[in-house]
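As stored in final21.cif (mmCIF, C-alpha atoms):
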```
data_entry
loop_
_atom_site.label_atom_id
_atom_site.label_comp_id
_atom_site.auth_asym_id
_atom_site.auth_seq_id
_atom_site.Cartn_x
_atom_site.Cartn_y
_atom_site.Cartn_z
CA MET A 27 154.85 56.35 22.36
CA TYR A 28 151.47 55.94 20.72
CA ARG A 29 148.54 57.39 22.64
CA THR A 30 145.04 56.08 22.05
CA ASP A 31 142.36 58.55 20.99
CA SER A 32 140.89 58.51 24.50
CA GLU A 33 144.27 59.30 26.06
CA LEU A 34 144.85 62.04 23.53
CA ILE A 35 141.44 63.62 24.15
CA GLN A 36 141.99 63.55 27.90
CA ALA A 37 145.39 65.20 27.51
CA CYS A 38 143.84 67.89 25.29
CA LEU A 39 141.10 68.52 27.84
CA ASP A 40 143.79 68.80 30.51
CA GLY A 41 145.27 71.65 28.48
CA ASN A 42 148.27 69.78 27.10
CA GLU A 43 149.40 71.70 24.04
CA SER A 44 151.50 68.87 22.55
CA ALA A 45 148.43 66.60 22.70
CA TRP A 46 146.54 69.17 20.63
CA TYR A 47 149.29 69.11 18.00
CA GLU A 48 149.24 65.32 18.03
CA LEU A 49 145.47 65.28 17.56
CA ILE A 50 145.80 67.58 14.54
CA ASP A 51 148.62 65.51 13.07
CA ARG A 52 146.63 62.32 13.52
CA TYR A 53 143.50 63.60 11.80
CA LYS A 54 144.76 66.29 9.42
CA ARG A 55 144.71 64.12 6.29
CA LEU A 56 141.29 62.68 7.00
CA ILE A 57 139.75 66.10 7.62
CA TYR A 58 141.44 67.86 4.72
CA SER A 59 140.51 65.09 2.30
CA ILE A 60 136.76 65.32 2.88
CA PRO A 61 136.14 68.81 1.40
CA LEU A 62 138.36 67.94 -1.58
CA ARG A 63 136.39 64.75 -2.01
CA GLN A 64 133.23 66.86 -1.93
CA GLY A 65 134.50 68.89 -4.86
CA LEU A 66 135.51 72.01 -2.93
CA SER A 67 138.60 74.00 -3.86
CA MET A 68 141.83 73.85 -1.87
CA ALA A 69 141.14 77.32 -0.46
CA ASP A 70 137.72 76.15 0.74
CA ALA A 71 139.27 72.96 2.10
CA ASP A 72 141.63 75.19 4.13
CA ASP A 73 138.63 77.08 5.57
CA VAL A 74 136.82 73.85 6.42
CA PHE A 75 140.00 72.52 8.03
CA GLN A 76 140.29 75.58 10.31
CA ASN A 77 136.60 75.61 11.18
CA VAL A 78 136.60 71.93 12.09
CA PHE A 79 139.52 72.28 14.47
CA THR A 80 137.99 75.40 16.02
CA ILE A 81 134.79 73.43 16.68
CA VAL A 82 136.78 70.47 17.96
CA PHE A 83 138.69 72.70 20.35
CA ARG A 84 135.47 74.18 21.73
CA ARG A 85 133.41 71.02 21.86
CA LEU A 86 135.81 68.20 22.54
CA GLU A 87 134.54 67.87 26.08
CA THR A 88 131.04 67.13 24.78
CA LEU A 89 132.19 63.96 23.00
CA ARG A 90 130.83 61.25 25.25
CA ASN A 91 132.15 58.11 23.54
CA GLN A 92 135.77 58.96 22.90
CA LYS A 93 136.24 55.84 20.79
CA LEU A 94 134.02 57.48 18.19
CA LEU A 95 136.37 60.42 17.65
CA ALA A 96 137.04 59.63 13.97
CA ALA A 97 133.33 59.28 13.14
CA TRP A 98 132.58 62.50 15.09
CA LEU A 99 135.25 64.40 13.16
CA ILE A 100 133.99 63.07 9.85
CA ARG A 101 130.46 64.29 10.61
CA ILE A 102 131.66 67.72 11.78
CA THR A 103 133.69 68.03 8.58
CA TYR A 104 130.74 67.10 6.38
CA ASN A 105 128.60 69.67 8.22
CA GLU A 106 131.22 72.35 7.70
CA CYS A 107 131.38 71.51 4.00
CA GLN A 108 127.62 72.01 3.81
CA HIS A 109 127.74 75.30 5.73
CA LEU A 110 130.47 76.60 3.47
CA ARG A 111 128.56 75.60 0.37
CA LYS A 112 125.43 77.41 1.59
CA ARG A 113 127.45 80.61 2.00
CA MET A 114 128.80 80.37 -1.55
CA PRO A 115 127.24 82.71 -4.12
CA ALA A 116 125.06 80.83 -6.61
CA THR A 117 126.84 80.75 -9.96
CA GLY A 118 124.40 78.49 -11.70
CA GLU A 119 127.21 76.05 -12.27
CA ILE A 120 127.44 72.79 -10.45
CA PRO A 121 130.92 71.29 -10.33
CA GLU A 122 130.96 67.90 -11.98
CA THR A 123 132.88 66.40 -9.12
CA LEU A 124 130.47 67.64 -6.50
CA ALA A 125 129.57 64.67 -4.37
CA ASP A 126 126.36 64.12 -2.47
CA PRO A 127 125.96 67.27 -0.38
CA GLN A 128 123.82 65.52 2.20
CA SER A 129 125.21 63.99 5.34
CA PRO A 130 127.43 61.01 4.66
CA ALA A 131 125.89 57.58 4.70
CA GLN A 132 126.98 55.33 7.54
CA GLU A 133 128.98 53.15 5.11
CA GLU A 134 130.82 56.23 3.88
CA VAL A 135 131.73 57.22 7.42
CA GLU A 136 132.90 53.68 8.16
CA LEU A 137 134.99 53.54 4.99
CA LEU A 138 136.69 56.85 5.73
CA GLU A 139 137.24 55.79 9.31
CA ARG A 140 138.81 52.49 8.25
CA ARG A 141 141.08 54.22 5.74
CA HIS A 142 142.16 56.61 8.43
CA LEU A 143 142.83 53.82 10.94
CA VAL A 144 144.86 51.75 8.47
CA HIS A 145 146.97 54.83 7.72
CA GLN A 146 147.37 55.34 11.46
CA ALA A 147 148.48 51.73 11.86
CA MET A 148 151.06 52.25 9.10
CA GLU A 149 152.35 55.33 10.96
CA GLN A 150 153.02 53.16 14.00
CA LEU A 151 155.40 50.88 12.10
CA ASP A 152 159.13 51.53 12.22
CA PRO A 153 160.38 53.50 9.19
CA ARG A 154 161.89 50.49 7.42
CA CYS A 155 158.70 48.45 7.70
CA ARG A 156 156.61 51.42 6.64
CA GLU A 157 158.76 51.95 3.56
CA LEU A 158 158.75 48.27 2.64
CA LEU A 159 154.98 47.99 2.92
CA THR A 160 154.41 51.30 1.15
CA ALA A 161 156.51 50.01 -1.74
CA LEU A 162 154.50 46.81 -1.67
CA PHE A 163 151.08 48.49 -1.60
CA LEU A 164 151.57 51.62 -3.62
CA SER A 165 154.23 51.04 -6.23
CA SER A 166 152.79 50.81 -9.65
CA PRO A 167 154.47 49.25 -11.53
CA ALA A 168 155.90 47.16 -8.74
CA GLN A 169 159.46 48.00 -7.80
CA SER A 170 161.99 45.25 -8.23
CA TYR A 171 163.51 43.66 -5.12
CA GLU A 172 166.86 45.06 -6.30
CA GLN A 173 165.51 48.63 -6.34
CA ILE A 174 163.96 48.29 -2.89
CA ALA A 175 167.05 46.57 -1.46
CA SER A 176 169.37 49.24 -2.78
CA ARG A 177 167.19 52.05 -1.40
CA LEU A 178 166.85 50.47 2.06
CA GLY A 179 170.41 49.16 2.17
CA ILE A 180 169.44 45.55 2.89
CA PRO A 181 170.26 42.33 1.03
CA THR A 182 167.82 41.41 -1.74
CA GLY A 183 167.27 38.00 -0.17
CA SER A 184 165.92 39.52 3.04
CA ILE A 185 163.16 41.59 1.38
CA GLY A 186 160.58 38.79 1.33
CA PRO A 187 161.02 37.61 4.95
CA THR A 188 161.29 41.19 6.27
CA ARG A 189 158.19 42.22 4.40
CA ALA A 190 156.29 39.24 5.82
CA ARG A 191 157.35 40.21 9.37
CA CYS A 192 156.33 43.81 8.74
CA PHE A 193 152.93 42.79 7.42
CA LYS A 194 152.34 40.63 10.50
CA LYS A 195 153.26 43.63 12.67
CA LEU A 196 150.73 45.72 10.78
CA GLN A 197 148.06 43.08 11.32
CA ALA A 198 148.90 42.97 15.04
CA ILE A 199 148.57 46.77 15.30
CA LEU A 200 145.23 46.65 13.49
CA ASP A 201 144.07 43.92 15.87
CA GLU A 202 145.08 46.04 18.85
CA MET A 203 143.14 48.94 17.40
CA GLY A 204 140.12 46.67 17.15
CA ILE A 205 139.95 46.76 13.36
CA ASP A 206 138.73 43.55 11.80
CA LEU A 207 139.62 43.27 8.12
CA SER A 208 139.17 39.54 7.79
CA MET B 13 145.40 15.05 7.37
CA GLU B 14 147.04 18.29 8.47
CA THR B 15 147.16 20.99 5.78
CA LYS B 16 150.61 22.41 5.13
CA HIS B 17 150.12 26.16 4.90
CA ILE B 18 151.93 28.42 2.50
CA THR B 19 154.32 30.89 4.15
CA VAL B 20 153.21 34.49 4.66
CA GLU B 21 156.19 35.56 2.53
CA HIS B 22 154.96 33.45 -0.36
CA LEU B 23 151.31 34.49 0.05
CA ILE B 24 152.31 38.16 -0.08
CA ALA B 25 154.37 37.57 -3.22
CA TYR B 26 151.34 35.82 -4.73
CA ALA B 27 148.94 38.64 -3.79
CA ALA B 28 151.40 41.20 -5.16
CA GLN B 29 151.52 39.23 -8.42
CA GLU B 30 155.26 38.79 -8.15
CA LEU B 31 155.25 35.04 -8.84
CA SER B 32 155.69 33.40 -12.20
CA GLU B 33 152.81 31.31 -13.51
CA GLY B 34 154.68 28.16 -12.49
CA GLU B 35 155.08 29.46 -8.93
CA ALA B 36 151.58 30.89 -8.70
CA LYS B 37 149.68 27.75 -9.73
CA PRO B 38 150.39 25.66 -6.59
CA VAL B 39 149.44 28.67 -4.45
CA ARG B 40 146.17 29.08 -6.37
CA ASP B 41 145.43 25.36 -5.96
CA HIS B 42 146.16 25.53 -2.25
CA LEU B 43 143.88 28.55 -1.74
CA VAL B 44 140.93 26.54 -3.07
CA VAL B 45 141.25 24.05 -0.21
CA CYS B 46 142.65 26.24 2.59
CA PRO B 47 140.27 28.75 4.20
CA GLU B 48 143.02 30.15 6.45
CA CYS B 49 145.40 31.06 3.64
CA ASN B 50 142.47 32.33 1.65
CA ALA B 51 141.43 34.58 4.57
CA PHE B 52 144.98 35.93 4.66
CA ILE B 53 144.80 36.90 0.99
CA VAL B 54 141.41 38.57 1.52
CA SER B 55 142.75 40.52 4.51
CA PHE B 56 145.90 41.52 2.57
CA LYS B 57 143.84 42.83 -0.34
CA ARG B 58 141.50 44.79 1.95
CA ILE B 59 144.41 46.45 3.73
CA ARG B 60 146.12 47.25 0.42
CA LYS B 61 142.92 48.79 -0.94
CA LEU B 62 142.54 50.99 2.14
CA VAL B 63 146.19 52.08 2.03
CA CYS B 64 145.95 52.87 -1.68
CA SER B 65 142.98 55.15 -1.12
CA GLU B 66 143.39 58.17 -3.35
CA HIS B 67 141.42 60.54 -1.17
CA ILE B 68 143.84 60.82 1.70
CA GLN B 69 145.65 64.09 1.13
CA GLU B 70 148.15 66.03 3.20
CA PRO B 71 147.01 69.60 3.96
CA PRO B 72 149.44 72.46 3.32
CA GLN B 73 151.79 73.27 6.19
CA SER B 74 150.26 76.76 6.52
CA ALA B 75 146.84 75.23 7.28
CA ILE B 76 148.39 72.92 9.87
CA GLU B 77 150.21 75.81 11.53
CA ARG B 78 146.96 77.79 11.76
CA ALA B 79 145.22 74.81 13.34
CA TYR B 80 148.06 74.47 15.86
CA ALA B 81 147.62 78.14 16.71
CA ILE B 82 143.95 77.65 17.67
CA PHE B 83 145.09 76.25 21.01
CA GLN B 84 147.18 79.32 21.81
CA GLN B 85 144.58 81.81 20.56
CA HIS B 86 141.77 80.30 22.56
CA ARG B 87 143.87 79.93 25.66
CA THR B 88 144.89 83.58 25.40
CA ASN B 89 141.39 84.81 24.58
CA ALA B 90 139.60 82.65 27.08
CA SER B 91 138.12 84.67 29.91
CA PRO B 92 139.64 83.52 33.14
CA ASN B 93 137.18 81.10 34.59
CA PRO B 94 138.60 80.12 37.97
CA THR B 95 138.53 76.45 38.86
CA TRP B 96 138.67 75.13 42.41
CA THR B 97 142.32 74.23 41.85
CA SER B 98 143.25 77.71 40.72
CA LEU B 99 141.35 79.28 43.62
CA PHE B 100 143.16 76.96 46.00
CA ARG B 101 146.52 77.95 44.48
CA LEU B 102 145.58 81.63 44.84
CA PHE B 103 144.60 81.05 48.45
CA MET B 104 147.95 79.36 49.14
CA ILE B 105 149.84 82.28 47.61
CA VAL B 106 147.91 84.82 49.67
#
```
Using structure tokens, write down the structure from this file.
Amino acid sequence: MYRTDSELIQACLDGNESAWYELIDRYKRLIYSIPLRQGLSMADADDVFQNVFTIVFRRLETLRNQKLLAAWLIRITYNECQHLRKRMPATGEIPETLADPQSPAQEEVELLERRHLVHQAMEQLDPRCRELLTALFLSSPAQSYEQIASRLGIPTGSIGPTRARCFKKLQAILDEMGIDLS
Amino acid sequence: METKHITVEHLIAYAAQELSEGEAKPVRDHLVVCPECNAFIVSFKRIRKLVCSEHIQEPPQSAIERAYAIFQQHRTNASPNPTWTSLFRLFMIV
């Protein structure tokens, strides 16, 4: 059963180990993606990832508005990227992909947060819906109905209606999460 | 006059560019006069764009395992800081 961020935080603060694992699983992609996006190496991204969760473990109880967990994590991760960069020896070279090392702009935080929440909403779908919508959103070039039907073991004629139902489910989940994408 | 909306199934097929030109034209014409169906297409495209984001990346399993372990490490290393509940339990045992 899906736990809201607030429920998850409370369970973590109560010392529930499985809640801690769930928190990591929920935010691992978001947190790991930020240092890579900032142009850091995968080894550095690993360090940032560990540091962020160590800070989260120690300071979770200081988060007053638990609905802002994603934004809080994004800011901690950006700070850790900056700290790590300051500790790096100066090589005189600036990676071409290095993004703005300053704190993220509010729009950036919101965009990352929205991406994360949409991915979370997808995770809440049943596997068949998730696969259908993933094929719809991500396949390039688009997969034929025959290919999708054969992989999912459903009749070709039911792909369209099933996909429509799945998309409505996704919209309902996003609504419940308070995400307005209209 | 009541507008007859296009089905979600058909709108999705249109947004995914799966319709032939002959099938797509009536949808395109309808979208010009129907704010509701148009809003659906906008919402669909926004969701698709967010899902397709290239920057969401799965960390290696070793990094995840180390993050899991933080809970155990800190619980083991934490100096025992008795709470009222634990003191009460101790009292009951004694």
Requested in this report: Taking (146.6, 52.3, 1.3) in the file's own coordinates, collect the residues within 12 Å, counting all atoms listed in the file, and hand them back as a ChimeraX atom specification.
Outcome: /A:138,140-149,156,159-165 /B:56-69
Query raised in the report: Once you count only C-alpha atoms, which residues of chain B turn out to be within 12 Å of chain A? Could you give them as number ranges by chain?
Result: B: 19-30, 47-87, 90
**Report entry** Residues matched by the PyMOL selection byres ((chain A and resi 99-106) around 9) as number ranges by chain
**Finding:** A: 53, 56-58, 60-61, 64, 74-75, 77-78, 81-82, 94-98, 107-111, 127-130, 135, 138-139
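The interatomic distance for the pair atom CA of Ile199 of chain A and atom CA of Thr30 of chain A works out to 12.0 Å.
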Query raised in the report: Mind pulling up the distance from atom CA of Ile35 of chain A to atom CA of Arg52 of chain A?
Result: 11.9 Å
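The neighbours of Ala175 of chain A here are the residues that come within 9 Å of it, using only C-alpha atoms and leaving out any residue fewer than 6 positions away in the same chain; they are Pro181, Thr182, Gly183, Ser184 and Ile185 of chain A.
Between atom CA of Lys93 of chain A and atom CA of Glu33 of chain A there is a distance of 10.2 Å.
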Which centre and edge lengths in Å to one decimal define the box along x, y and z that fits every listed atom of segment 29-33 of chain B plus 4 Å per side, as lines of an AutoDock Vina configuration file?
```
center_x = 153.6
center_y = 35.3
center_z = -10.8
size_x = 12.2
size_y = 15.9
size_z = 13.4
```
What would segment 54-86 of chain B look like if you wrote it out as a PDB file, in the first residue's frame, with N, CA, C and O atoms included, from the block I just posted?
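And here is the file that came out, result.pdb:
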```pdb
ATOM      1  N   VAL B  54      -3.120  18.896 -23.925  1.00  0.00           N
ATOM      2  CA  VAL B  54      -2.044  19.652 -23.252  1.00  0.00           C
ATOM      3  C   VAL B  54      -1.540  18.852 -22.054  1.00  0.00           C
ATOM      4  O   VAL B  54      -0.326  18.677 -21.866  1.00  0.00           O
ATOM      5  N   SER B  55      -2.488  18.335 -21.254  1.00  0.00           N
ATOM      6  CA  SER B  55      -2.119  17.571 -20.061  1.00  0.00           C
ATOM      7  C   SER B  55      -1.334  16.308 -20.456  1.00  0.00           C
ATOM      8  O   SER B  55      -0.313  15.987 -19.855  1.00  0.00           O
ATOM      9  N   PHE B  56      -1.811  15.623 -21.501  1.00  0.00           N
ATOM     10  CA  PHE B  56      -1.131  14.410 -21.973  1.00  0.00           C
ATOM     11  C   PHE B  56       0.321  14.729 -22.355  1.00  0.00           C
ATOM     12  O   PHE B  56       1.251  14.033 -21.965  1.00  0.00           O
ATOM     13  N   LYS B  57       0.495  15.811 -23.092  1.00  0.00           N
ATOM     14  CA  LYS B  57       1.850  16.148 -23.562  1.00  0.00           C
ATOM     15  C   LYS B  57       2.764  16.535 -22.400  1.00  0.00           C
ATOM     16  O   LYS B  57       3.953  16.215 -22.402  1.00  0.00           O
ATOM     17  N   ARG B  58       2.193  17.220 -21.404  1.00  0.00           N
ATOM     18  CA  ARG B  58       3.011  17.601 -20.236  1.00  0.00           C
ATOM     19  C   ARG B  58       3.462  16.364 -19.466  1.00  0.00           C
ATOM     20  O   ARG B  58       4.610  16.268 -19.056  1.00  0.00           O
ATOM     21  N   ILE B  59       2.526  15.444 -19.277  1.00  0.00           N
ATOM     22  CA  ILE B  59       2.873  14.212 -18.548  1.00  0.00           C
ATOM     23  C   ILE B  59       3.932  13.435 -19.330  1.00  0.00           C
ATOM     24  O   ILE B  59       4.926  12.980 -18.775  1.00  0.00           O
ATOM     25  N   ARG B  60       3.723  13.309 -20.637  1.00  0.00           N
ATOM     26  CA  ARG B  60       4.686  12.565 -21.461  1.00  0.00           C
ATOM     27  C   ARG B  60       6.080  13.195 -21.375  1.00  0.00           C
ATOM     28  O   ARG B  60       7.077  12.503 -21.228  1.00  0.00           O
ATOM     29  N   LYS B  61       6.122  14.513 -21.415  1.00  0.00           N
ATOM     30  CA  LYS B  61       7.413  15.210 -21.356  1.00  0.00           C
ATOM     31  C   LYS B  61       8.124  14.930 -20.029  1.00  0.00           C
ATOM     32  O   LYS B  61       9.332  14.710 -19.994  1.00  0.00           O
ATOM     33  N   LEU B  62       7.338  14.933 -18.942  1.00  0.00           N
ATOM     34  CA  LEU B  62       7.934  14.683 -17.628  1.00  0.00           C
ATOM     35  C   LEU B  62       8.409  13.235 -17.506  1.00  0.00           C
ATOM     36  O   LEU B  62       9.467  12.968 -16.960  1.00  0.00           O
ATOM     37  N   VAL B  63       7.626  12.304 -18.059  1.00  0.00           N
ATOM     38  CA  VAL B  63       8.010  10.888 -17.992  1.00  0.00           C
ATOM     39  C   VAL B  63       9.271  10.646 -18.833  1.00  0.00           C
ATOM     40  O   VAL B  63      10.147   9.875 -18.453  1.00  0.00           O
ATOM     41  N   CYS B  64       9.350  11.340 -19.952  1.00  0.00           N
ATOM     42  CA  CYS B  64      10.478  11.118 -20.876  1.00  0.00           C
ATOM     43  C   CYS B  64      11.765  11.797 -20.414  1.00  0.00           C
ATOM     44  O   CYS B  64      12.765  11.725 -21.120  1.00  0.00           O
ATOM     45  N   SER B  65      11.720  12.436 -19.261  1.00  0.00           N
ATOM     46  CA  SER B  65      12.889  13.187 -18.813  1.00  0.00           C
ATOM     47  C   SER B  65      14.138  12.309 -18.831  1.00  0.00           C
ATOM     48  O   SER B  65      14.121  11.186 -18.339  1.00  0.00           O
ATOM     49  N   GLU B  66      15.182  12.827 -19.383  1.00  0.00           N
ATOM     50  CA  GLU B  66      16.392  12.016 -19.564  1.00  0.00           C
ATOM     51  C   GLU B  66      17.265  12.000 -18.322  1.00  0.00           C
ATOM     52  O   GLU B  66      18.229  11.251 -18.249  1.00  0.00           O
ATOM     53  N   HIS B  67      16.949  12.860 -17.353  1.00  0.00           N
ATOM     54  CA  HIS B  67      17.866  13.003 -16.230  1.00  0.00           C
ATOM     55  C   HIS B  67      17.544  12.113 -15.029  1.00  0.00           C
ATOM     56  O   HIS B  67      18.211  12.170 -14.034  1.00  0.00           O
ATOM     57  N   ILE B  68      16.484  11.331 -15.169  1.00  0.00           N
ATOM     58  CA  ILE B  68      16.167  10.424 -14.069  1.00  0.00           C
ATOM     59  C   ILE B  68      16.978   9.156 -14.280  1.00  0.00           C
ATOM     60  O   ILE B  68      16.796   8.461 -15.256  1.00  0.00           O
ATOM     61  N   GLN B  69      17.901   8.904 -13.364  1.00  0.00           N
ATOM     62  CA  GLN B  69      18.768   7.736 -13.545  1.00  0.00           C
ATOM     63  C   GLN B  69      18.811   6.871 -12.295  1.00  0.00           C
ATOM     64  O   GLN B  69      18.877   7.377 -11.177  1.00  0.00           O
ATOM     65  N   GLU B  70      18.804   5.592 -12.496  1.00  0.00           N
ATOM     66  CA  GLU B  70      18.836   4.628 -11.389  1.00  0.00           C
ATOM     67  C   GLU B  70      20.260   4.542 -10.841  1.00  0.00           C
ATOM     68  O   GLU B  70      21.203   4.320 -11.599  1.00  0.00           O
ATOM     69  N   PRO B  71      20.431   4.704  -9.512  1.00  0.00           N
ATOM     70  CA  PRO B  71      21.785   4.548  -8.964  1.00  0.00           C
ATOM     71  C   PRO B  71      22.190   3.076  -8.949  1.00  0.00           C
ATOM     72  O   PRO B  71      21.322   2.197  -8.971  1.00  0.00           O
ATOM     73  N   PRO B  72      23.512   2.803  -8.875  1.00  0.00           N
ATOM     74  CA  PRO B  72      23.923   1.396  -8.802  1.00  0.00           C
ATOM     75  C   PRO B  72      23.432   0.754  -7.509  1.00  0.00           C
ATOM     76  O   PRO B  72      23.275   1.438  -6.497  1.00  0.00           O
ATOM     77  N   GLN B  73      23.225  -0.564  -7.566  1.00  0.00           N
ATOM     78  CA  GLN B  73      22.691  -1.276  -6.396  1.00  0.00           C
ATOM     79  C   GLN B  73      23.604  -1.117  -5.185  1.00  0.00           C
ATOM     80  O   GLN B  73      23.129  -1.025  -4.051  1.00  0.00           O
ATOM     81  N   SER B  74      24.939  -1.046  -5.435  1.00  0.00           N
ATOM     82  CA  SER B  74      25.872  -0.927  -4.301  1.00  0.00           C
ATOM     83  C   SER B  74      25.624   0.374  -3.531  1.00  0.00           C
ATOM     84  O   SER B  74      25.689   0.409  -2.302  1.00  0.00           O
ATOM     85  N   ALA B  75      25.315   1.449  -4.259  1.00  0.00           N
ATOM     86  CA  ALA B  75      25.054   2.742  -3.596  1.00  0.00           C
ATOM     87  C   ALA B  75      23.763   2.659  -2.782  1.00  0.00           C
ATOM     88  O   ALA B  75      23.683   3.188  -1.666  1.00  0.00           O
ATOM     89  N   ILE B  76      22.777   1.960  -3.336  1.00  0.00           N
ATOM     90  CA  ILE B  76      21.501   1.822  -2.621  1.00  0.00           C
ATOM     91  C   ILE B  76      21.702   1.015  -1.339  1.00  0.00           C
ATOM     92  O   ILE B  76      21.222   1.383  -0.269  1.00  0.00           O
ATOM     93  N   GLU B  77      22.485  -0.063  -1.457  1.00  0.00           N
ATOM     94  CA  GLU B  77      22.736  -0.916  -0.282  1.00  0.00           C
ATOM     95  C   GLU B  77      23.434  -0.120   0.811  1.00  0.00           C
ATOM     96  O   GLU B  77      23.133  -0.267   1.996  1.00  0.00           O
ATOM     97  N   ARG B  78      24.394   0.729   0.415  1.00  0.00           N
ATOM     98  CA  ARG B  78      25.106   1.533   1.419  1.00  0.00           C
ATOM     99  C   ARG B  78      24.157   2.528   2.086  1.00  0.00           C
ATOM    100  O   ARG B  78      24.259   2.794   3.272  1.00  0.00           O
ATOM    101  N   ALA B  79      23.236   3.072   1.308  1.00  0.00           N
ATOM    102  CA  ALA B  79      22.264   4.009   1.885  1.00  0.00           C
ATOM    103  C   ALA B  79      21.319   3.272   2.845  1.00  0.00           C
ATOM    104  O   ALA B  79      20.973   3.794   3.902  1.00  0.00           O
ATOM    105  N   TYR B  80      20.930   2.049   2.475  1.00  0.00           N
ATOM    106  CA  TYR B  80      20.097   1.246   3.388  1.00  0.00           C
ATOM    107  C   TYR B  80      20.824   1.064   4.728  1.00  0.00           C
ATOM    108  O   TYR B  80      20.216   1.123   5.782  1.00  0.00           O
ATOM    109  N   ALA B  81      22.145   0.822   4.597  1.00  0.00           N
ATOM    110  CA  ALA B  81      22.921   0.479   5.797  1.00  0.00           C
ATOM    111  C   ALA B  81      23.056   1.648   6.770  1.00  0.00           C
ATOM    112  O   ALA B  81      23.384   1.436   7.939  1.00  0.00           O
ATOM    113  N   ILE B  82      22.817   2.865   6.302  1.00  0.00           N
ATOM    114  CA  ILE B  82      22.951   4.041   7.175  1.00  0.00           C
ATOM    115  C   ILE B  82      22.057   3.875   8.403  1.00  0.00           C
ATOM    116  O   ILE B  82      22.453   4.188   9.521  1.00  0.00           O
ATOM    117  N   PHE B  83      20.874   3.344   8.182  1.00  0.00           N
ATOM    118  CA  PHE B  83      19.922   3.172   9.281  1.00  0.00           C
ATOM    119  C   PHE B  83      20.525   2.283  10.368  1.00  0.00           C
ATOM    120  O   PHE B  83      20.522   2.631  11.541  1.00  0.00           O
ATOM    121  N   GLN B  84      21.069   1.126   9.930  1.00  0.00           N
ATOM    122  CA  GLN B  84      21.646   0.181  10.888  1.00  0.00           C
ATOM    123  C   GLN B  84      22.850   0.775  11.601  1.00  0.00           C
ATOM    124  O   GLN B  84      22.960   0.702  12.813  1.00  0.00           O
ATOM    125  N   GLN B  85      23.753   1.398  10.793  1.00  0.00           N
ATOM    126  CA  GLN B  85      24.980   1.967  11.370  1.00  0.00           C
ATOM    127  C   GLN B  85      24.657   2.980  12.455  1.00  0.00           C
ATOM    128  O   GLN B  85      25.192   2.935  13.551  1.00  0.00           O
ATOM    129  N   HIS B  86      23.732   3.887  12.118  1.00  0.00           N
ATOM    130  CA  HIS B  86      23.449   4.961  13.059  1.00  0.00           C
ATOM    131  C   HIS B  86      22.702   4.453  14.274  1.00  0.00           C
ATOM    132  O   HIS B  86      22.870   4.959  15.358  1.00  0.00           O
TER     133      HIS B  86
END
```
